[in-house]
file my_file39.json (JSON, C-alpha atoms and all ligand atoms)
[["chain", "number", "residue", "atom", "x", "y", "z"],
["A", 227, "MET", "CA", 8.31, 18.69, 19.41],
["A", 228, "LEU", "CA", 7.75, 18.40, 23.13],
["A", 229, "PHE", "CA", 8.66, 22.07, 23.28],
["A", 230, "TYR", "CA", 5.88, 23.03, 20.86],
["A", 231, "TRP", "CA", 3.28, 20.87, 22.55],
["A", 232, "SER", "CA", 4.23, 22.31, 25.91],
["A", 233, "ILE", "CA", 3.68, 25.80, 24.55],
["A", 234, "ALA", "CA", 0.23, 24.87, 23.32],
["A", 235, "ILE", "CA", -0.61, 23.18, 26.61],
["A", 236, "ILE", "CA", 0.83, 25.91, 28.83],
["A", 237, "ARG", "CA", -1.34, 28.40, 27.02],
["A", 238, "GLY", "CA", -4.29, 26.25, 27.98],
["A", 239, "LEU", "CA", -5.53, 26.43, 24.40],
["A", 240, "SER", "CA", -6.01, 23.84, 21.74],
["A", 241, "PHE", "CA", -4.57, 26.41, 19.38],
["A", 242, "GLY", "CA", -1.15, 27.94, 20.12],
["A", 243, "ILE", "CA", 0.80, 30.24, 17.85],
["A", 244, "VAL", "CA", 4.58, 30.26, 17.94],
["A", 245, "ILE", "CA", 7.16, 31.84, 15.73],
["A", 246, "HIS", "CA", 9.27, 29.25, 14.00],
["A", 247, "GLY", "CA", 12.07, 27.95, 16.17],
["A", 248, "GLN", "CA", 14.70, 25.25, 15.80],
["A", 249, "GLY", "CA", 13.75, 22.01, 14.06],
["A", 250, "SER", "CA", 13.21, 19.12, 16.42],
["A", 251, "ALA", "CA", 15.74, 16.31, 16.13],
["A", 252, "MET", "CA", 12.88, 13.81, 16.24],
["A", 253, "ALA", "CA", 10.80, 15.33, 13.45],
["A", 254, "TYR", "CA", 10.00, 13.11, 10.47],
["A", 255, "ILE", "CA", 10.57, 15.97, 8.05],
["A", 256, "GLU", "CA", 13.29, 18.55, 8.57],
["A", 257, "PHE", "CA", 13.35, 21.35, 6.06],
["A", 258, "ASP", "CA", 16.37, 23.29, 7.16],
["A", 259, "HIS", "CA", 17.31, 26.73, 5.79],
["A", 260, "VAL", "CA", 16.41, 25.74, 2.26],
["A", 261, "ILE", "CA", 17.19, 28.16, -0.55],
["A", 262, "LYS", "CA", 15.86, 27.53, -4.05],
["A", 263, "GLU", "CA", 16.86, 29.82, -6.87],
["A", 264, "TYR", "CA", 15.67, 29.58, -10.46],
["A", 265, "ALA", "CA", 17.89, 31.01, -13.17],
["A", 266, "THR", "CA", 16.17, 33.55, -15.41],
["A", 267, "GLY", "CA", 18.64, 33.82, -18.25],
["A", 268, "ALA", "CA", 20.53, 37.11, -18.11],
["A", 269, "GLY", "CA", 18.79, 38.63, -15.06],
["A", 270, "GLU", "CA", 19.00, 37.97, -11.33],
["A", 271, "PRO", "CA", 17.81, 34.49, -10.33],
["A", 272, "ILE", "CA", 14.37, 34.18, -8.76],
["A", 273, "ARG", "CA", 14.58, 33.11, -5.13],
["A", 274, "ALA", "CA", 11.53, 30.87, -4.67],
["A", 275, "LEU", "CA", 12.67, 29.71, -1.21],
["A", 276, "ASP", "CA", 14.69, 31.97, 1.02],
["A", 277, "GLU", "CA", 16.12, 30.03, 3.98],
["A", 278, "ALA", "CA", 12.80, 28.31, 4.62],
["A", 279, "SER", "CA", 12.79, 26.06, 7.70],
["A", 280, "PHE", "CA", 10.09, 23.87, 9.21],
["A", 281, "THR", "CA", 9.55, 20.42, 10.63],
["A", 282, "ALA", "CA", 6.65, 17.97, 10.43],
["A", 283, "ASP", "CA", 5.98, 14.86, 12.47],
["A", 284, "ARG", "CA", 5.29, 11.27, 11.50],
["A", 285, "GLY", "CA", 1.63, 10.33, 11.26],
["A", 286, "GLU", "CA", 0.49, 13.93, 11.47],
["A", 287, "LEU", "CA", -1.40, 16.16, 9.07],
["A", 288, "THR", "CA", 0.42, 19.38, 8.24],
["A", 289, "VAL", "CA", -1.15, 22.22, 6.27],
["A", 290, "ILE", "CA", 1.00, 24.69, 4.31],
["A", 291, "LEU", "CA", -0.63, 28.08, 3.89],
["A", 292, "GLY", "CA", 0.52, 31.08, 1.90],
["A", 293, "GLN", "CA", -0.33, 33.42, -0.93],
["A", 294, "SER", "CA", 0.38, 32.73, -4.57],
["A", 295, "GLY", "CA", 4.11, 32.76, -5.27],
["A", 296, "ALA", "CA", 5.05, 32.22, -1.61],
["A", 297, "GLY", "CA", 7.07, 29.08, -2.43],
["A", 298, "LYS", "CA", 4.64, 26.35, -1.31],
["A", 299, "THR", "CA", 4.80, 24.18, -4.44],
["A", 300, "THR", "CA", 8.56, 24.61, -4.64],
["A", 301, "ALA", "CA", 8.89, 23.30, -1.07],
["A", 302, "LEU", "CA", 6.59, 20.33, -1.75],
["A", 303, "ASN", "CA", 8.39, 19.45, -4.98],
["A", 304, "ILE", "CA", 11.72, 19.43, -3.16],
["A", 305, "LEU", "CA", 10.26, 17.23, -0.39],
["A", 306, "GLY", "CA", 8.91, 14.88, -3.04],
["A", 307, "GLY", "CA", 12.25, 14.60, -4.82],
["A", 308, "MET", "CA", 10.85, 16.27, -7.96],
["A", 309, "ASP", "CA", 13.10, 19.31, -7.59],
["A", 310, "THR", "CA", 16.34, 19.92, -5.75],
["A", 311, "ALA", "CA", 17.36, 22.66, -3.32],
["A", 312, "THR", "CA", 20.04, 25.19, -4.23],
["A", 313, "SER", "CA", 21.29, 24.99, -0.63],
["A", 314, "GLY", "CA", 20.08, 23.89, 2.78],
["A", 315, "ARG", "CA", 19.20, 20.46, 4.10],
["A", 316, "VAL", "CA", 16.07, 18.33, 3.67],
["A", 317, "VAL", "CA", 15.77, 15.23, 5.83],
["A", 318, "VAL", "CA", 12.85, 12.80, 5.48],
["A", 319, "GLY", "CA", 12.63, 9.85, 7.85],
["A", 320, "GLY", "CA", 16.24, 10.28, 8.91],
["A", 321, "ARG", "CA", 17.48, 10.31, 5.30],
["A", 322, "ASP", "CA", 19.12, 13.44, 3.88],
["A", 323, "ILE", "CA", 17.51, 13.69, 0.45],
["A", 324, "THR", "CA", 19.57, 16.69, -0.62],
["A", 325, "GLY", "CA", 22.48, 14.32, -1.03],
["A", 326, "LEU", "CA", 20.65, 11.86, -3.29],
["A", 327, "GLY", "CA", 21.70, 11.34, -6.90],
["A", 328, "LYS", "CA", 19.29, 11.13, -9.85],
["A", 329, "ARG", "CA", 18.85, 7.35, -9.61],
["A", 330, "GLU", "CA", 18.30, 7.42, -5.86],
["A", 331, "LEU", "CA", 15.74, 10.20, -6.28],
["A", 332, "ILE", "CA", 13.79, 8.05, -8.75],
["A", 333, "GLY", "CA", 13.65, 5.26, -6.17],
["A", 334, "TYR", "CA", 12.69, 7.73, -3.43],
["A", 335, "ARG", "CA", 9.82, 9.18, -5.50],
["A", 336, "ARG", "CA", 8.67, 5.70, -6.46],
["A", 337, "THR", "CA", 8.53, 4.08, -3.06],
["A", 338, "ASP", "CA", 8.45, 6.80, -0.43],
["A", 339, "ILE", "CA", 6.20, 9.49, -1.88],
["A", 340, "GLY", "CA", 2.55, 9.71, -2.86],
["A", 341, "PHE", "CA", 1.63, 12.89, -4.72],
["A", 342, "VAL", "CA", -1.84, 14.38, -5.20],
["A", 343, "PHE", "CA", -2.05, 17.22, -7.73],
["A", 344, "GLN", "CA", -4.64, 19.96, -8.17],
["A", 345, "PHE", "CA", -5.63, 18.67, -11.62],
["A", 346, "TYR", "CA", -5.43, 14.94, -10.80],
["A", 347, "ASN", "CA", -2.91, 14.01, -13.54],
["A", 348, "LEU", "CA", -4.62, 10.70, -14.33],
["A", 349, "VAL", "CA", -3.77, 8.79, -17.50],
["A", 350, "PRO", "CA", -6.88, 9.40, -19.66],
["A", 351, "ASN", "CA", -6.88, 6.13, -21.61],
["A", 352, "LEU", "CA", -6.53, 3.93, -18.52],
["A", 353, "THR", "CA", -9.44, 3.00, -16.24],
["A", 354, "ALA", "CA", -9.54, 4.02, -12.59],
["A", 355, "LEU", "CA", -8.24, 0.60, -11.62],
["A", 356, "GLU", "CA", -5.46, 0.67, -14.24],
["A", 357, "ASN", "CA", -4.39, 4.14, -13.11],
["A", 358, "VAL", "CA", -3.95, 2.88, -9.56],
["A", 359, "GLU", "CA", -2.27, -0.35, -10.73],
["A", 360, "LEU", "CA", 0.18, 1.58, -12.89],
["A", 361, "ALA", "CA", 1.51, 3.45, -9.85],
["A", 362, "SER", "CA", 1.41, 0.63, -7.32],
["A", 363, "GLN", "CA", 2.87, -2.20, -9.41],
["A", 364, "ILE", "CA", 6.31, -0.57, -9.34],
["A", 365, "CYS", "CA", 6.31, -0.63, -5.52],
["A", 366, "PRO", "CA", 7.29, -3.95, -3.99],
["A", 367, "ASP", "CA", 5.06, -3.40, -0.95],
["A", 368, "HIS", "CA", 1.68, -1.90, -1.86],
["A", 369, "PHE", "CA", -2.03, -2.09, -1.06],
["A", 370, "ASP", "CA", -4.38, -3.94, -3.40],
["A", 371, "PRO", "CA", -5.46, -1.37, -6.06],
["A", 372, "ALA", "CA", -9.13, -2.44, -6.14],
["A", 373, "ASP", "CA", -9.34, -2.47, -2.33],
["A", 374, "THR", "CA", -7.84, 1.00, -2.23],
["A", 375, "LEU", "CA", -10.42, 2.31, -4.72],
["A", 376, "ARG", "CA", -13.15, 0.77, -2.55],
["A", 377, "LYS", "CA", -11.64, 2.52, 0.45],
["A", 378, "VAL", "CA", -12.05, 5.91, -1.25],
["A", 379, "GLY", "CA", -15.66, 5.07, -2.15],
["A", 380, "LEU", "CA", -15.13, 4.10, -5.79],
["A", 381, "GLY", "CA", -15.74, 0.35, -5.62],
["A", 382, "ASP", "CA", -18.35, 0.57, -8.37],
["A", 383, "ARG", "CA", -16.25, 2.75, -10.71],
["A", 384, "LEU", "CA", -13.17, 0.55, -11.17],
["A", 385, "ASP", "CA", -13.65, 0.16, -14.92],
["A", 386, "ASN", "CA", -14.54, 3.76, -15.70],
["A", 387, "PHE", "CA", -12.13, 6.05, -17.52],
["A", 388, "PRO", "CA", -11.28, 9.43, -15.96],
["A", 389, "ALA", "CA", -13.57, 11.29, -18.41],
["A", 390, "GLN", "CA", -16.49, 9.14, -17.23],
["A", 391, "VAL", "CA", -16.32, 10.24, -13.60],
["A", 392, "SER", "CA", -16.71, 13.63, -11.88],
["A", 393, "GLY", "CA", -13.87, 15.92, -10.79],
["A", 394, "GLY", "CA", -14.25, 14.85, -7.16],
["A", 395, "GLU", "CA", -14.19, 11.20, -8.20],
["A", 396, "GLN", "CA", -11.11, 11.78, -10.37],
["A", 397, "GLN", "CA", -9.41, 13.29, -7.34],
["A", 398, "ARG", "CA", -10.41, 10.21, -5.32],
["A", 399, "VAL", "CA", -8.80, 8.02, -7.97],
["A", 400, "SER", "CA", -5.66, 10.12, -7.75],
["A", 401, "ILE", "CA", -5.68, 9.82, -3.94],
["A", 402, "ALA", "CA", -6.13, 6.04, -4.27],
["A", 403, "ARG", "CA", -3.23, 6.00, -6.74],
["A", 404, "ALA", "CA", -1.05, 7.87, -4.25],
["A", 405, "ILE", "CA", -1.93, 5.85, -1.13],
["A", 406, "ALA", "CA", -1.93, 2.40, -2.79],
["A", 407, "LYS", "CA", 1.85, 2.75, -2.97],
["A", 408, "LYS", "CA", 1.92, 2.77, 0.86],
["A", 409, "PRO", "CA", 4.00, 5.92, 0.74],
["A", 410, "LYS", "CA", 5.79, 7.18, 3.82],
["A", 411, "LEU", "CA", 4.73, 10.67, 2.89],
["A", 412, "LEU", "CA", 1.57, 11.88, 1.14],
["A", 413, "LEU", "CA", 2.07, 15.28, -0.50],
["A", 414, "CYS", "CA", -1.00, 17.17, -1.75],
["A", 415, "ASP", "CA", -0.71, 20.40, -3.75],
["A", 416, "GLU", "CA", -4.05, 22.25, -3.67],
["A", 417, "PRO", "CA", -5.98, 18.97, -3.83],
["A", 418, "THR", "CA", -9.34, 20.77, -3.78],
["A", 419, "GLY", "CA", -8.36, 23.70, -6.01],
["A", 420, "ALA", "CA", -10.48, 22.45, -8.92],
["A", 421, "LEU", "CA", -13.44, 21.22, -6.85],
["A", 422, "ASP", "CA", -16.66, 22.80, -5.58],
["A", 423, "TYR", "CA", -17.20, 23.40, -1.87],
["A", 424, "GLU", "CA", -18.95, 20.16, -0.92],
["A", 425, "THR", "CA", -16.77, 17.92, -3.09],
["A", 426, "GLY", "CA", -13.65, 19.67, -1.79],
["A", 427, "LYS", "CA", -14.83, 19.03, 1.74],
["A", 428, "GLU", "CA", -15.29, 15.31, 1.02],
["A", 429, "VAL", "CA", -11.80, 15.07, -0.43],
["A", 430, "LEU", "CA", -10.28, 16.83, 2.61],
["A", 431, "GLN", "CA", -12.26, 14.54, 4.92],
["A", 432, "LEU", "CA", -10.82, 11.58, 3.05],
["A", 433, "LEU", "CA", -7.27, 12.90, 3.48],
["A", 434, "GLN", "CA", -7.86, 13.56, 7.18],
["A", 435, "ASP", "CA", -9.28, 10.03, 7.59],
["A", 436, "ILE", "CA", -6.32, 8.45, 5.75],
["A", 437, "CYS", "CA", -3.89, 10.28, 8.01],
["A", 438, "ARG", "CA", -5.71, 9.03, 11.09],
["A", 439, "ALA", "CA", -6.52, 5.48, 9.96],
["A", 440, "GLU", "CA", -3.24, 4.64, 8.22],
["A", 441, "GLY", "CA", -0.97, 6.75, 10.40],
["A", 442, "MET", "CA", 0.31, 8.30, 7.18],
["A", 443, "THR", "CA", 2.27, 11.54, 7.26],
["A", 444, "VAL", "CA", 0.28, 14.01, 5.14],
["A", 445, "LEU", "CA", 1.15, 17.51, 3.90],
["A", 446, "ILE", "CA", -1.52, 19.62, 2.22],
["A", 447, "ILE", "CA", -0.96, 22.94, 0.46],
["A", 448, "THR", "CA", -3.90, 25.31, 0.42],
["A", 449, "HIS", "CA", -4.74, 29.01, 0.02],
["A", 450, "ASN", "CA", -7.64, 28.60, 2.42],
["A", 451, "SER", "CA", -6.73, 29.72, 5.93],
["A", 452, "ALA", "CA", -10.10, 28.50, 7.23],
["A", 453, "LEU", "CA", -8.69, 24.98, 6.91],
["A", 454, "ALA", "CA", -6.04, 25.59, 9.59],
["A", 455, "PRO", "CA", -8.00, 23.82, 12.38],
["A", 456, "MET", "CA", -8.03, 20.52, 10.45],
["A", 457, "ALA", "CA", -4.27, 20.04, 10.83],
["A", 458, "HIS", "CA", -1.98, 19.06, 13.66],
["A", 459, "LYS", "CA", 0.35, 21.75, 12.39],
["A", 460, "VAL", "CA", 0.01, 24.78, 10.11],
["A", 461, "ILE", "CA", 3.02, 26.31, 8.41],
["A", 462, "HIS", "CA", 2.77, 29.83, 6.99],
["A", 463, "PHE", "CA", 4.86, 30.72, 3.95],
["A", 464, "ARG", "CA", 5.48, 34.27, 2.78],
["A", 465, "SER", "CA", 7.98, 35.36, 0.10],
["A", 466, "GLY", "CA", 9.89, 32.08, 0.26],
["A", 467, "LYS", "CA", 10.19, 32.09, 4.03],
["A", 468, "VAL", "CA", 8.38, 30.30, 6.83],
["A", 469, "VAL", "CA", 6.93, 33.16, 8.87],
["A", 470, "GLY", "CA", 4.94, 31.27, 11.48],
["A", 471, "GLN", "CA", 3.52, 27.99, 12.70],
["A", 472, "GLU", "CA", 0.42, 26.98, 14.59],
["A", 473, "PHE", "CA", -0.37, 23.77, 16.46],
["A", 474, "ASN", "CA", -3.66, 22.08, 17.15],
["A", 475, "VAL", "CA", -3.63, 19.64, 20.03],
["A", 476, "ALA", "CA", -6.97, 18.32, 18.81],
["A", 477, "PRO", "CA", -7.49, 18.92, 15.06],
["A", 478, "THR", "CA", -11.09, 19.67, 14.06],
["A", 479, "PRO", "CA", -12.91, 17.17, 11.79],
["A", 480, "ILE", "CA", -13.46, 18.71, 8.37],
["A", 481, "ALA", "CA", -17.20, 18.19, 8.72],
["A", 482, "ASP", "CA", -17.17, 20.76, 11.54],
["A", 483, "ILE", "CA", -15.29, 23.43, 9.56],
["A", 484, "GLU", "CA", -17.23, 25.93, 7.41],
["A", 485, "TRP", "CA", -15.76, 28.56, 5.11],
["B", 501, "LIG", "N1", 10.62, 26.69, -12.73],
["B", 501, "LIG", "C1", 10.61, 27.95, -12.34],
["B", 501, "LIG", "N2", 11.34, 28.90, -12.95],
["B", 501, "LIG", "C2", 11.34, 30.17, -12.51],
["B", 501, "LIG", "N3", 10.64, 30.62, -11.46],
["B", 501, "LIG", "C3", 9.88, 29.73, -10.81],
["B", 501, "LIG", "C4", 9.82, 28.36, -11.19],
["B", 501, "LIG", "N4", 8.98, 27.70, -10.35],
["B", 501, "LIG", "C5", 8.54, 28.64, -9.48],
["B", 501, "LIG", "N5", 9.09, 29.85, -9.75],
["B", 501, "LIG", "C6", 8.86, 31.09, -8.99],
["B", 501, "LIG", "O1", 9.12, 30.83, -7.63],
["B", 501, "LIG", "C7", 8.17, 31.50, -6.80],
["B", 501, "LIG", "C8", 7.45, 30.48, -5.91],
["B", 501, "LIG", "O2", 6.65, 29.65, -6.74],
["B", 501, "LIG", "P1", 5.72, 28.49, -6.18],
["B", 501, "LIG", "O3", 5.14, 27.81, -7.37],
["B", 501, "LIG", "O4", 6.49, 27.67, -5.23],
["B", 501, "LIG", "O5", 4.61, 29.32, -5.40],
["B", 501, "LIG", "P2", 3.27, 28.83, -4.71],
["B", 501, "LIG", "O6", 3.32, 29.31, -3.30],
["B", 501, "LIG", "O7", 3.07, 27.39, -4.94],
["B", 501, "LIG", "O8", 2.15, 29.68, -5.50],
["B", 501, "LIG", "P3", 0.67, 29.25, -5.97],
["B", 501, "LIG", "O9", -0.18, 29.38, -4.74],
["B", 501, "LIG", "O10", 0.33, 30.28, -7.00],
["B", 501, "LIG", "O11", 0.71, 27.88, -6.53],
["B", 501, "LIG", "C9", 7.26, 32.27, -7.73],
["B", 501, "LIG", "O12", 7.71, 33.58, -7.82],
["B", 501, "LIG", "C10", 7.42, 31.54, -9.04],
["B", 501, "LIG", "O13", 7.20, 32.40, -10.13],
["B", 502, "MG", "MG", 1.66, 26.25, -6.00]]

call {"tool": "encode", "arguments": {"input": "my_file39.json", "output": "structure tokens"}}
result
Amino acid sequence: MLFYWSIAIIRGLSFGIVIHGQGSAMAYIEFDHVIKEYATGAGEPIRALDEASFTADRGELTVILGQSGAGKTTALNILGGMDTATSGRVVVGGRDITGLGKRELIGYRRTDIGFVFQFYNLVPNLTALENVELASQICPDHFDPADTLRKVGLGDRLDNFPAQVSGGEQQRVSIARAIAKKPKLLLCDEPTGALDYETGKEVLQLLQDICRAEGMTVLIITHNSALAPMAHKVIHFRSGKVVGQEFNVAPTPIADIEW
């Protein structure tokens, strides 16, 4: 990590570009030469990840950029314990999750990971508060669900059902659901993909604020390269590989980014 920062500093820029190097031993996430192949029946398997390697640091916001089909969701699902690598090593917080069995993965997903999806995935017949409670009650150490909804600006919508609030508000509920678990890692797959410009901006601001205020490690997948300045680190995926990384010594507040 020191190595990367030095590069950014030596260049005298707040924005340094380096080709991916060796993972730092101190990184919170180590995604190390991960291959993921999907069987396709009779034909050749599809290689969604092709020796992809990157690292991400604790308490930092990392953005994953890449075109459709580049392997971004596959990488996030493996990090979140929702899918498993064909080969390679994935270490999160010093724990090698590639070696975990089914039961251990359930526990890992439950307590360590918060997930924010593009289409919210809220339970339609539960209120905002019940949606957050449902996720947090299975975690022994969690934030108060109502407090968390207040934190994302939904204090007056606790008893509304998902269909009674806007898309941006539904995404706020889903962010509250994810962070109320006090996850070690917050994984967001195109969290603004279904939102308009202004609402998307508010949701990204919220994620940036959570990272800063809670010291939470946050990964966000996006197609939008204009968002690169918001992150401490930007990882570029292409055809299942990590083809580059960028570092921002001082990430830009979302409010100051236009696209
Ligand atoms: N379950 C699966 N079975 C077969 N192929 C899959 C499966 N999941 C993903 N793939 C393939 O793996 C590749 C990477 O998919 P992935 O969903 O990770 O891409 P992505 O970068 O998230 O794309 P997008 O931006 O469109 O969401 C694609 O070619 C995809 O078709
Ligand atoms: Mg995807």

call {"tool": "residues_around", "arguments": {"input": "my_file39.json", "residues": "Gly327 (chain A)", "least_positions_apart": "3", "cutoff": "12 Å", "atoms": "only C-alpha atoms", "output": "short mmCIF file (atom, residue, chain, number, x, y, z; two decimals) with C-alpha atoms, keeping the file's coordinate frame"}}
result
data_model
loop_
_atom_site.label_atom_id
_atom_site.label_comp_id
_atom_site.auth_asym_id
_atom_site.auth_seq_id
_atom_site.Cartn_x
_atom_site.Cartn_y
_atom_site.Cartn_z
CA GLY A 307 12.25 14.60 -4.82
CA MET A 308 10.85 16.27 -7.96
CA ASP A 309 13.10 19.31 -7.59
CA THR A 310 16.34 19.92 -5.75
CA ASP A 322 19.12 13.44 3.88
CA ILE A 323 17.51 13.69 0.45
CA THR A 324 19.57 16.69 -0.62
CA GLU A 330 18.30 7.42 -5.86
CA LEU A 331 15.74 10.20 -6.28
CA ILE A 332 13.79 8.05 -8.75
CA GLY A 333 13.65 5.26 -6.17
CA TYR A 334 12.69 7.73 -3.43
#

call {"tool": "atom_distance", "arguments": {"input": "my_file39.json", "atom1": "CA of Arg329 (chain A)", "atom2": "CA of Gly306 (chain A)"}}
result
14.1 Å

call {"tool": "closest_residue", "arguments": {"input": "my_file39.json", "among": "A:Gln396, A:Ser294, A:Ser279, A:Thr443", "to": "ligand LIG 501 (chain B)", "atoms": "only C-alpha atoms and all ligand atoms"}}
result
A:Ser294

call {"tool": "residues_near_ligand", "arguments": {"input": "my_file39.json", "ligand": "ligand LIG 501 (chain B)", "cutoff": "12 Å", "atoms": "all atoms listed in the file", "output": "MDAnalysis selection string"}}
result
chainID A and resid 261:267 269:276 278 290:304 308:310 343:344 414:417 419 446:450 462:468

call {"tool": "atom_distance", "arguments": {"input": "my_file39.json", "atom1": "CA of Thr478 (chain A)", "atom2": "CA of Met456 (chain A)"}}
result
4.8 Å

call {"tool": "closest_residue", "arguments": {"input": "my_file39.json", "among": "A:Arg335, A:Val460, A:Gly470, A:Phe345", "to": "ligand MG 502 (chain B)", "atoms": "all atoms listed in the file"}}
result
A:Phe345

call {"tool": "residues_around", "arguments": {"input": "my_file39.json", "residues": "Leu355 (chain A)", "least_positions_apart": "5", "cutoff": "7 Å", "atoms": "only C-alpha atoms", "output": "list in words"}}
result
Pro371, Ala372, Leu384 and Asp385 of chain A

call {"tool": "closest_residue", "arguments": {"input": "my_file39.json", "among": "A:Val318, A:Ala402, A:Val289, A:Ala311", "to": "Leu380 (chain A)", "atoms": "all atoms listed in the file"}}
result
A:Ala402

call {"tool": "residues_around", "arguments": {"input": "my_file39.json", "residues": "Gly393 (chain A)", "least_positions_apart": "2", "cutoff": "8 Å", "atoms": "all atoms listed in the file", "output": "list in words"}}
result
Val391, Glu395, Gln396, Gln397, Ala420 and Leu421 of chain A

call {"tool": "write_last_selection", "arguments": {"input": "my_file39.json", "atoms": "C-alpha atoms", "output": "compact mmCIF listing (two decimals), in the coordinates of the input"}}
result
# COMPACT_ATOMS: atom_id res chain seq x y z
CA VAL A 391 -16.32 10.24 -13.60
CA GLU A 395 -14.19 11.20 -8.20
CA GLN A 396 -11.11 11.78 -10.37
CA GLN A 397 -9.41 13.29 -7.34
CA ALA A 420 -10.48 22.45 -8.92
CA LEU A 421 -13.44 21.22 -6.85

call {"tool": "atom_distance", "arguments": {"input": "my_file39.json", "atom1": "CA of Ala454 (chain A)", "atom2": "CA of Met442 (chain A)"}}
result
18.6 Å

call {"tool": "build_atoms", "arguments": {"input": "my_file39.json", "residues": "region 454-460 of chain A", "atoms": "all heavy atoms", "output": "PDB file, in the coordinates of the input"}}
result
ATOM      1  N   ALA A 454      -7.087  25.761   8.574  1.00  0.00           N
ATOM      2  CA  ALA A 454      -6.040  25.590   9.590  1.00  0.00           C
ATOM      3  C   ALA A 454      -6.433  24.642  10.724  1.00  0.00           C
ATOM      4  O   ALA A 454      -5.620  23.799  11.124  1.00  0.00           O
ATOM      5  CB  ALA A 454      -5.614  26.950  10.135  1.00  0.00           C
ATOM      6  N   PRO A 455      -7.666  24.700  11.239  1.00  0.00           N
ATOM      7  CA  PRO A 455      -8.000  23.820  12.380  1.00  0.00           C
ATOM      8  C   PRO A 455      -7.967  22.329  12.070  1.00  0.00           C
ATOM      9  O   PRO A 455      -7.942  21.512  12.981  1.00  0.00           O
ATOM     10  CB  PRO A 455      -9.417  24.268  12.762  1.00  0.00           C
ATOM     11  CG  PRO A 455      -9.572  25.633  12.188  1.00  0.00           C
ATOM     12  CD  PRO A 455      -8.745  25.648  10.945  1.00  0.00           C
ATOM     13  N   MET A 456      -7.983  21.955  10.777  1.00  0.00           N
ATOM     14  CA  MET A 456      -8.030  20.520  10.450  1.00  0.00           C
ATOM     15  C   MET A 456      -6.694  19.831  10.678  1.00  0.00           C
ATOM     16  O   MET A 456      -6.629  18.604  10.733  1.00  0.00           O
ATOM     17  CB  MET A 456      -8.445  20.305   8.982  1.00  0.00           C
ATOM     18  CG  MET A 456      -7.325  20.460   7.964  1.00  0.00           C
ATOM     19  SD  MET A 456      -7.803  20.093   6.242  1.00  0.00           S
ATOM     20  CE  MET A 456      -7.740  18.301   6.214  1.00  0.00           C
ATOM     21  N   ALA A 457      -5.619  20.605  10.805  1.00  0.00           N
ATOM     22  CA  ALA A 457      -4.270  20.040  10.830  1.00  0.00           C
ATOM     23  C   ALA A 457      -3.708  19.951  12.245  1.00  0.00           C
ATOM     24  O   ALA A 457      -4.144  20.655  13.147  1.00  0.00           O
ATOM     25  CB  ALA A 457      -3.343  20.914   9.989  1.00  0.00           C
ATOM     26  N   HIS A 458      -2.743  19.055  12.415  1.00  0.00           N
ATOM     27  CA  HIS A 458      -1.980  19.060  13.660  1.00  0.00           C
ATOM     28  C   HIS A 458      -1.067  20.285  13.690  1.00  0.00           C
ATOM     29  O   HIS A 458      -0.790  20.842  14.738  1.00  0.00           O
ATOM     30  CB  HIS A 458      -1.087  17.813  13.759  1.00  0.00           C
ATOM     31  CG  HIS A 458      -1.856  16.535  13.902  1.00  0.00           C
ATOM     32  ND1 HIS A 458      -2.135  15.715  12.844  1.00  0.00           N
ATOM     33  CD2 HIS A 458      -2.403  15.947  14.989  1.00  0.00           C
ATOM     34  CE1 HIS A 458      -2.819  14.648  13.269  1.00  0.00           C
ATOM     35  NE2 HIS A 458      -2.997  14.769  14.565  1.00  0.00           N
ATOM     36  N   LYS A 459      -0.609  20.652  12.472  1.00  0.00           N
ATOM     37  CA  LYS A 459       0.350  21.750  12.390  1.00  0.00           C
ATOM     38  C   LYS A 459       0.076  22.572  11.143  1.00  0.00           C
ATOM     39  O   LYS A 459      -0.268  21.999  10.096  1.00  0.00           O
ATOM     40  CB  LYS A 459       1.758  21.155  12.310  1.00  0.00           C
ATOM     41  CG  LYS A 459       2.878  22.160  12.331  1.00  0.00           C
ATOM     42  CD  LYS A 459       4.205  21.411  12.278  1.00  0.00           C
ATOM     43  CE  LYS A 459       5.226  22.010  13.188  1.00  0.00           C
ATOM     44  NZ  LYS A 459       6.469  21.239  13.218  1.00  0.00           N
ATOM     45  N   VAL A 460       0.208  23.883  11.256  1.00  0.00           N
ATOM     46  CA  VAL A 460       0.010  24.780  10.110  1.00  0.00           C
ATOM     47  C   VAL A 460       1.283  25.589   9.925  1.00  0.00           C
ATOM     48  O   VAL A 460       1.800  26.173  10.881  1.00  0.00           O
ATOM     49  CB  VAL A 460      -1.179  25.736  10.368  1.00  0.00           C
ATOM     50  CG1 VAL A 460      -1.443  26.586   9.131  1.00  0.00           C
ATOM     51  CG2 VAL A 460      -2.420  24.968  10.771  1.00  0.00           C
TER      52      VAL A 460
END
